[in-house]
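As structure tokens, the structure follows; a few thoughts come after it.
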Amino acid sequence: MGPSTAQKLIEAGYTTIESIAVATPHELSAATNLPLPTVQKIIEAAREALDIKFKTALELKRERFKAKKITTSSKSLDELLGGGVETRTITEFFGEYGTGKTQVCHQLSVNVQLPEDRGGLAAKAVYIDTEGTFRWERIDQMARAVGLDPDKAMENIFWIRAINSHHQMAVVEKLFDMLAKDNIKLVVVDSLTGHFRAEFPGRESLALRQQLLNRHLHQLMRLAEIYDAAVVVTNQVMARPDVFFGDPTAAVGGHVVGHAPGIRVQLRKSRGNKRIAKVVDAPHIPEGETVFAITEYGVRDAEQ
Ligand code: GTP
Ligand code: MG
């Protein structure tokens with residue numbers, strides 16, 4: 001392809017062969033203003049260029065065991081997650097406002113810094129804050145509570161405010177350089193979906209929103225796999241009082257991240273500072289639920 005075509009692809013955020021190979025012709029054409037037959041050829045070329053390679057089941061097993069875990073500071077929540085939040089995958093915490101999604105993200109940003117024998121990865125975190133709810137004061141408290149120097153703990157968290165969905169996606173592109181250079185093993189996106197919902201409201205923009213989110217998730221998944229990092233995203237899901245059957249918190253705007261790889265954890269409020277966590281649609285850990293608490297020290301087991 002010519003340089004102007006390449007430029008159009010890059011400007012539309014398609015900077016890798018993989019991102020082009022997994023795009024649909026209509027999506028790519030809409031994003032780049034290139035005619036459909038052209039983008040069809042580009043997509044075919046990208047798919048050919050990608051090395052399609054089988055893995056054995058044993059290789060898959062070994063990869064699975066290479067995944068590392070970050071503790072949440074709650075034994076019961078760690079157990080529910082199969083030992084903690086895993087690297088090489090995306091973990092989504094979803095639930096209504098105030099269910100503790102942001103608190104869990106803060107706690108993990110501190111805990112990733114702990115040594116491995118204490119449930120950390122002796123590494124740093126990136127916190128992509130889309131709603132302006134990151135609080136360094138809370139990091140200070142949580143760090144002290146686990147015995148880390150609070151200033152050092154804060155120095156090991158790279159915070160950025162993503163101002164819109166476009167910026168949010170651009171930030172993730174940048175992370176490919178950053179993770180290669182720095183010892184970052186946790187990437188938080190809090191919230192994953194807020195900007196996308198606000199910018200693409202209504203049924204008519206649902207398809208476009210979904211395409212962009214899919215591309216964003218695909219990039220996050222690549223980050224997780226290439227750099228052996230944990231990616232943790234949040235997704236506010238509003239209750240629907242008009243839904244009487246099934247799960248009333250399931251659906252506003254659809255299950256945006258339902259089909260992405262990874263683990264989905266639903267959070268619900270319980271009494272006082274207690275919260276219920278439930279694993280849903282996890283490919284390799286059993287579905288189940290547990291109770292934890294949000295205390296002044298951070299995420300902890302609930303007192304019996
Ligand atoms: P949205 O972002 O609005 O969707 O909510 P969220 O799920 O991110 O909720 P968040 O993690 O902000 O949880 C808020 C809850 O955590 C509050 O209702 C408090 O109960 C608790 N919390 C937040 N900060 C503190 C704190 O400093 N001390 C204590 N003890 N609890 C806190
Ligand atoms: Mg929040």
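Going by the structure tokens order, chains are called A, B, ..., each with residues numbered from 1, while ligands are numbered from 1 in the order shown.
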(message) ligand 1: which residues are within 7 Å, counting only C-alpha atoms and all ligand atoms? Reply as a PyMOL selection string.
(response) chain A and resi 95-104+138+236+273+294-298
Produce a file of the selected residues containing N, CA and C atoms, as a JSON list (two decimals), in the first residue's frame.
[["chain", "number", "residue", "atom", "x", "y", "z"],
["A", 95, "GLY", "N", -20.12, -3.50, 38.22],
["A", 95, "GLY", "CA", -21.15, -3.37, 39.25],
["A", 95, "GLY", "C", -21.64, -1.94, 39.32],
["A", 96, "GLU", "N", -22.61, -1.73, 40.19],
["A", 96, "GLU", "CA", -23.18, -0.40, 40.35],
["A", 96, "GLU", "C", -22.19, 0.55, 41.03],
["A", 97, "TYR", "N", -22.58, 1.83, 41.11],
["A", 97, "TYR", "CA", -21.73, 2.82, 41.80],
["A", 97, "TYR", "C", -21.53, 2.39, 43.26],
["A", 98, "GLY", "N", -20.35, 2.71, 43.78],
["A", 98, "GLY", "CA", -20.10, 2.46, 45.19],
["A", 98, "GLY", "C", -19.91, 1.00, 45.57],
["A", 99, "THR", "N", -19.76, 0.12, 44.58],
["A", 99, "THR", "CA", -19.60, -1.29, 44.93],
["A", 99, "THR", "C", -18.13, -1.65, 45.22],
["A", 100, "GLY", "N", -17.21, -0.71, 44.98],
["A", 100, "GLY", "CA", -15.82, -0.95, 45.37],
["A", 100, "GLY", "C", -14.87, -1.20, 44.21],
["A", 101, "LYS", "N", -15.31, -0.94, 42.98],
["A", 101, "LYS", "CA", -14.46, -1.18, 41.83],
["A", 101, "LYS", "C", -13.17, -0.36, 41.92],
["A", 102, "THR", "N", -13.34, 0.93, 42.21],
["A", 102, "THR", "CA", -12.18, 1.82, 42.29],
["A", 102, "THR", "C", -11.30, 1.47, 43.48],
["A", 103, "GLN", "N", -11.91, 1.06, 44.58],
["A", 103, "GLN", "CA", -11.12, 0.66, 45.76],
["A", 103, "GLN", "C", -10.25, -0.55, 45.45],
["A", 104, "VAL", "N", -10.81, -1.52, 44.75],
["A", 104, "VAL", "CA", -10.04, -2.71, 44.38],
["A", 104, "VAL", "C", -8.87, -2.31, 43.48],
["A", 138, "ARG", "N", -5.58, 7.81, 49.33],
["A", 138, "ARG", "CA", -6.00, 6.43, 49.58],
["A", 138, "ARG", "C", -4.82, 5.47, 49.37],
["A", 236, "GLN", "N", -18.97, 0.30, 35.02],
["A", 236, "GLN", "CA", -20.15, 0.57, 35.85],
["A", 236, "GLN", "C", -21.39, 0.06, 35.14],
["A", 273, "ASN", "N", -19.92, -2.16, 55.19],
["A", 273, "ASN", "CA", -18.76, -2.10, 54.29],
["A", 273, "ASN", "C", -18.55, -3.41, 53.55],
["A", 294, "ILE", "N", -14.56, -3.38, 52.54],
["A", 294, "ILE", "CA", -13.72, -2.22, 52.27],
["A", 294, "ILE", "C", -13.56, -1.48, 53.60],
["A", 295, "THR", "N", -12.36, -1.54, 54.15],
["A", 295, "THR", "CA", -12.12, -0.95, 55.46],
["A", 295, "THR", "C", -11.24, 0.29, 55.31],
["A", 296, "GLU", "N", -10.93, 0.93, 56.44],
["A", 296, "GLU", "CA", -10.05, 2.10, 56.36],
["A", 296, "GLU", "C", -8.67, 1.71, 55.84],
["A", 297, "TYR", "N", -8.28, 0.43, 55.99],
["A", 297, "TYR", "CA", -6.98, -0.03, 55.50],
["A", 297, "TYR", "C", -7.01, -0.42, 54.03],
["A", 298, "GLY", "N", -8.21, -0.58, 53.51],
["A", 298, "GLY", "CA", -8.34, -1.01, 52.12],
["A", 298, "GLY", "C", -9.20, -2.26, 52.03]]
Within 12 Å of Ser4 in chain A, counting only C-alpha atoms, which residues show up once you throw out same-chain ones fewer than 3 positions away? Write them as a tab-separated table (two decimals) with N, CA and C atoms, in the first residue's frame, please.
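So the final result, stored in part_24.tsv, reads:
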chain	number	residue	atom	x	y	z
A	1	MET	N	0.84	-1.21	0.00
A	1	MET	CA	0.00	0.00	0.00
A	1	MET	C	0.87	1.25	0.00
A	7	GLN	N	-0.78	6.07	6.24
A	7	GLN	CA	-1.02	7.19	7.17
A	7	GLN	C	-2.46	7.18	7.67
A	8	LYS	N	-3.40	6.91	6.76
A	8	LYS	CA	-4.81	6.88	7.17
A	8	LYS	C	-5.06	5.78	8.20
A	9	LEU	N	-4.44	4.64	7.98
A	9	LEU	CA	-4.60	3.53	8.93
A	9	LEU	C	-4.04	3.92	10.30
A	10	ILE	N	-2.86	4.52	10.29
A	10	ILE	CA	-2.22	4.90	11.55
A	10	ILE	C	-3.06	5.93	12.28
A	11	GLU	N	-3.55	6.91	11.52
A	11	GLU	CA	-4.36	7.96	12.16
A	11	GLU	C	-5.63	7.38	12.77
A	32	THR	N	-11.31	4.78	8.22
A	32	THR	CA	-10.23	5.35	7.41
A	32	THR	C	-10.71	6.11	6.19
A	33	ASN	N	-12.00	6.00	5.87
A	33	ASN	CA	-12.54	6.58	4.64
A	33	ASN	C	-11.95	5.96	3.38
A	34	LEU	N	-11.36	4.78	3.51
A	34	LEU	CA	-10.86	4.09	2.32
A	34	LEU	C	-12.00	3.23	1.76
(message) Residues within 12 Å of Glu173 in chain A, please, as JSON, numbers by chain. Count only C-alpha atoms; anything in the same chain fewer than 4 positions from it doesn't count.
(response) {"A": [10, 13, 14, 15, 16, 19, 166, 167, 168, 169, 177, 178, 179, 215, 216, 217, 218, 219, 220, 221, 222, 223]}
Next, write the just-selected residues to a file, as a compact mmCIF listing (two decimals), in the first residue's frame, keeping C-alpha atoms as the atom set.
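Once everything was written out, this is again-v9.txt:
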# COMPACT_ATOMS: atom_id res chain seq x y z
CA ILE A 10 -2.22 4.90 11.55
CA GLY A 13 -5.42 3.79 15.33
CA TYR A 14 -4.59 0.70 13.26
CA THR A 15 -0.91 0.60 13.99
CA THR A 16 -0.32 -3.14 14.05
CA SER A 19 -5.34 -4.83 14.72
CA HIS A 166 -9.84 8.60 21.77
CA HIS A 167 -7.28 9.73 24.34
CA GLN A 168 -7.89 6.59 26.38
CA MET A 169 -7.04 4.41 23.38
CA ASP A 177 6.81 1.52 24.83
CA MET A 178 6.44 2.16 28.51
CA LEU A 179 5.96 -1.44 29.61
CA ARG A 215 -10.21 -2.75 19.44
CA HIS A 216 -9.31 -1.17 22.79
CA LEU A 217 -9.71 -4.51 24.58
CA HIS A 218 -7.68 -6.24 21.93
CA GLN A 219 -4.81 -3.82 22.54
CA LEU A 220 -5.09 -4.33 26.30
CA MET A 221 -5.02 -8.10 25.83
CA ARG A 222 -1.86 -7.80 23.74
CA LEU A 223 -0.24 -5.70 26.45
(request) Would you mind telling me which residue in A:Glu303, A:Glu199, A:Glu131, A:Glu92 lies nearest to ligand 2 when using only C-alpha atoms and all ligand atoms? (result) A:Glu131
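For the residues A:Leu212, A:Val237, A:Val126, A:Val39, ranking by smallest atom-to-atom distance to Arg161 in chain A using only C-alpha atoms places A:Val126 first.
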(request) Rank nothing, just name the residue among A:Glu86, A:Glu137, A:Asp149, A:Glu155 nearest to His284 in chain A, using only C-alpha atoms. (result)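 Checking each candidate against His284 in chain A, we get A:Glu86 as the closest.
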(request) For range 44-57 of chain A, list every protein, DNA or RNA residue within 9 Å, evaluated using only C-alpha atoms, and leave out those in the same chain fewer than 6 positions away; present the list as number ranges by chain. (result) A: 17-22
(message) What's the separation between CA of Asp129 in chain A and CA of Ile285 in chain A, in Å to one decimal place?
(response)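 Straight-line distance from CA of Asp129 in chain A to CA of Ile285 in chain A works out to 28.5 Å.
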(message) Please extract the residues of range 13-119 of chain A with a backbone DSSP assignment of helix (DSSP H, G or I) and present them as a PyMOL selection string.
(response) chain A and resi 17-21+25-32+36-49+57-66+75-80+101-111+116-118
Can I get the selection written as a PDB file, in the first residue's frame, with C-alpha atoms?
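out.pdb, freshly written:
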ATOM      1  CA  ILE A  17      -0.869  -6.021  11.667  1.00  0.00           C
ATOM      2  CA  GLU A  18      -2.977  -7.769  14.311  1.00  0.00           C
ATOM      3  CA  SER A  19      -5.343  -4.830  14.720  1.00  0.00           C
ATOM      4  CA  ILE A  20      -5.929  -4.818  10.956  1.00  0.00           C
ATOM      5  CA  ALA A  21      -6.231  -8.596  10.702  1.00  0.00           C
ATOM      6  CA  PRO A  25     -14.029  -4.411   6.311  1.00  0.00           C
ATOM      7  CA  HIS A  26     -16.904  -2.091   7.242  1.00  0.00           C
ATOM      8  CA  GLU A  27     -15.234  -0.997  10.461  1.00  0.00           C
ATOM      9  CA  LEU A  28     -11.936  -0.325   8.731  1.00  0.00           C
ATOM     10  CA  SER A  29     -13.554   1.485   5.842  1.00  0.00           C
ATOM     11  CA  ALA A  30     -15.593   3.701   8.170  1.00  0.00           C
ATOM     12  CA  ALA A  31     -12.567   4.516  10.301  1.00  0.00           C
ATOM     13  CA  THR A  32     -10.229   5.348   7.413  1.00  0.00           C
ATOM     14  CA  LEU A  36     -14.363  -1.218   0.850  1.00  0.00           C
ATOM     15  CA  PRO A  37     -12.476  -3.194  -1.846  1.00  0.00           C
ATOM     16  CA  THR A  38      -9.236  -1.544  -0.767  1.00  0.00           C
ATOM     17  CA  VAL A  39      -9.689  -2.338   2.904  1.00  0.00           C
ATOM     18  CA  GLN A  40     -10.698  -5.900   2.037  1.00  0.00           C
ATOM     19  CA  LYS A  41      -7.341  -6.372   0.300  1.00  0.00           C
ATOM     20  CA  ILE A  42      -5.521  -4.787   3.239  1.00  0.00           C
ATOM     21  CA  ILE A  43      -7.238  -7.097   5.702  1.00  0.00           C
ATOM     22  CA  GLU A  44      -6.440 -10.180   3.595  1.00  0.00           C
ATOM     23  CA  ALA A  45      -2.803  -9.143   3.385  1.00  0.00           C
ATOM     24  CA  ALA A  46      -2.648  -8.602   7.144  1.00  0.00           C
ATOM     25  CA  ARG A  47      -4.123 -12.046   7.779  1.00  0.00           C
ATOM     26  CA  GLU A  48      -1.597 -13.668   5.464  1.00  0.00           C
ATOM     27  CA  ALA A  49       1.246 -11.805   7.096  1.00  0.00           C
ATOM     28  CA  ALA A  57      -2.368 -28.420  24.706  1.00  0.00           C
ATOM     29  CA  LEU A  58       0.728 -28.922  26.832  1.00  0.00           C
ATOM     30  CA  GLU A  59       2.096 -25.558  25.715  1.00  0.00           C
ATOM     31  CA  LEU A  60      -1.216 -24.008  26.702  1.00  0.00           C
ATOM     32  CA  LYS A  61      -0.997 -25.676  30.090  1.00  0.00           C
ATOM     33  CA  ARG A  62       2.540 -24.352  30.622  1.00  0.00           C
ATOM     34  CA  GLU A  63       1.473 -20.839  29.658  1.00  0.00           C
ATOM     35  CA  ARG A  64      -1.366 -21.017  32.128  1.00  0.00           C
ATOM     36  CA  PHE A  65       1.015 -21.936  34.945  1.00  0.00           C
ATOM     37  CA  LYS A  66       3.337 -19.102  33.994  1.00  0.00           C
ATOM     38  CA  LYS A  75      -8.047 -14.103  51.180  1.00  0.00           C
ATOM     39  CA  SER A  76     -11.600 -14.923  50.234  1.00  0.00           C
ATOM     40  CA  LEU A  77     -11.498 -12.686  47.148  1.00  0.00           C
ATOM     41  CA  ASP A  78      -8.102 -14.128  46.160  1.00  0.00           C
ATOM     42  CA  GLU A  79      -9.503 -17.640  46.466  1.00  0.00           C
ATOM     43  CA  LEU A  80     -12.499 -16.743  44.346  1.00  0.00           C
ATOM     44  CA  LYS A 101     -14.456  -1.183  41.827  1.00  0.00           C
ATOM     45  CA  THR A 102     -12.183   1.824  42.292  1.00  0.00           C
ATOM     46  CA  GLN A 103     -11.125   0.664  45.755  1.00  0.00           C
ATOM     47  CA  VAL A 104     -10.039  -2.713  44.384  1.00  0.00           C
ATOM     48  CA  CYS A 105      -8.033  -0.940  41.654  1.00  0.00           C
ATOM     49  CA  HIS A 106      -6.260   1.223  44.239  1.00  0.00           C
ATOM     50  CA  GLN A 107      -5.491  -1.818  46.366  1.00  0.00           C
ATOM     51  CA  LEU A 108      -4.023  -3.748  43.428  1.00  0.00           C
ATOM     52  CA  SER A 109      -1.877  -0.737  42.433  1.00  0.00           C
ATOM     53  CA  VAL A 110      -0.330  -0.903  45.890  1.00  0.00           C
ATOM     54  CA  ASN A 111      -0.154  -4.687  46.134  1.00  0.00           C
ATOM     55  CA  GLU A 116       6.326 -12.114  45.494  1.00  0.00           C
ATOM     56  CA  ASP A 117       6.266 -13.949  48.821  1.00  0.00           C
ATOM     57  CA  ARG A 118       3.674 -11.429  50.020  1.00  0.00           C
TER      58      ARG A 118
END
(request) Would you please give, as a PyMOL selection string, all residues of range 153-198 of chain A that DSSP assigns to strand (DSSP E or B) based on the backbone? (result) chain A and resi 157-161+184-190
N, CA and C atoms of the current selection, written as a short mmCIF file (atom, residue, chain, number, x, y, z; two decimals), in the first residue's frame:
data_model
loop_
_atom_site.label_atom_id
_atom_site.label_comp_id
_atom_site.auth_asym_id
_atom_site.auth_seq_id
_atom_site.Cartn_x
_atom_site.Cartn_y
_atom_site.Cartn_z
N ILE A 157 3.41 4.35 41.03
CA ILE A 157 2.12 4.32 40.31
C ILE A 157 2.10 5.48 39.33
N PHE A 158 2.00 5.14 38.03
CA PHE A 158 1.95 6.18 37.00
C PHE A 158 0.50 6.45 36.66
N TRP A 159 0.08 7.65 37.00
CA TRP A 159 -1.33 8.01 36.83
C TRP A 159 -1.50 8.88 35.60
N ILE A 160 -2.57 8.65 34.88
CA ILE A 160 -2.93 9.57 33.80
C ILE A 160 -4.44 9.68 33.72
N ARG A 161 -4.89 10.92 33.49
CA ARG A 161 -6.32 11.15 33.32
C ARG A 161 -6.62 11.06 31.83
N ILE A 184 6.60 -2.58 34.81
CA ILE A 184 5.18 -2.37 35.11
C ILE A 184 4.44 -3.69 34.89
N LYS A 185 3.73 -4.14 35.90
CA LYS A 185 3.05 -5.44 35.79
C LYS A 185 1.54 -5.32 36.02
N LEU A 186 1.08 -4.09 36.19
CA LEU A 186 -0.37 -3.90 36.34
C LEU A 186 -0.80 -2.66 35.56
N VAL A 187 -1.82 -2.82 34.75
CA VAL A 187 -2.42 -1.69 34.04
C VAL A 187 -3.89 -1.64 34.43
N VAL A 188 -4.29 -0.51 35.04
CA VAL A 188 -5.68 -0.34 35.45
C VAL A 188 -6.36 0.63 34.49
N VAL A 189 -7.56 0.30 34.06
CA VAL A 189 -8.37 1.27 33.31
C VAL A 189 -9.68 1.43 34.08
N ASP A 190 -9.80 2.57 34.77
CA ASP A 190 -10.95 2.82 35.66
C ASP A 190 -11.60 4.15 35.26
#
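Atom pair CA of Gly147 in chain A / CA of Thr89 in chain A has a distance of 27.7 Å (rounded to one decimal).
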(message) Between CA of Thr290 in chain A and CA of Ile263 in chain A, what distance in Å does the model show, to one decimal?
(response)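 Between CA of Thr290 in chain A and CA of Ile263 in chain A the gap works out to 15.3 Å.
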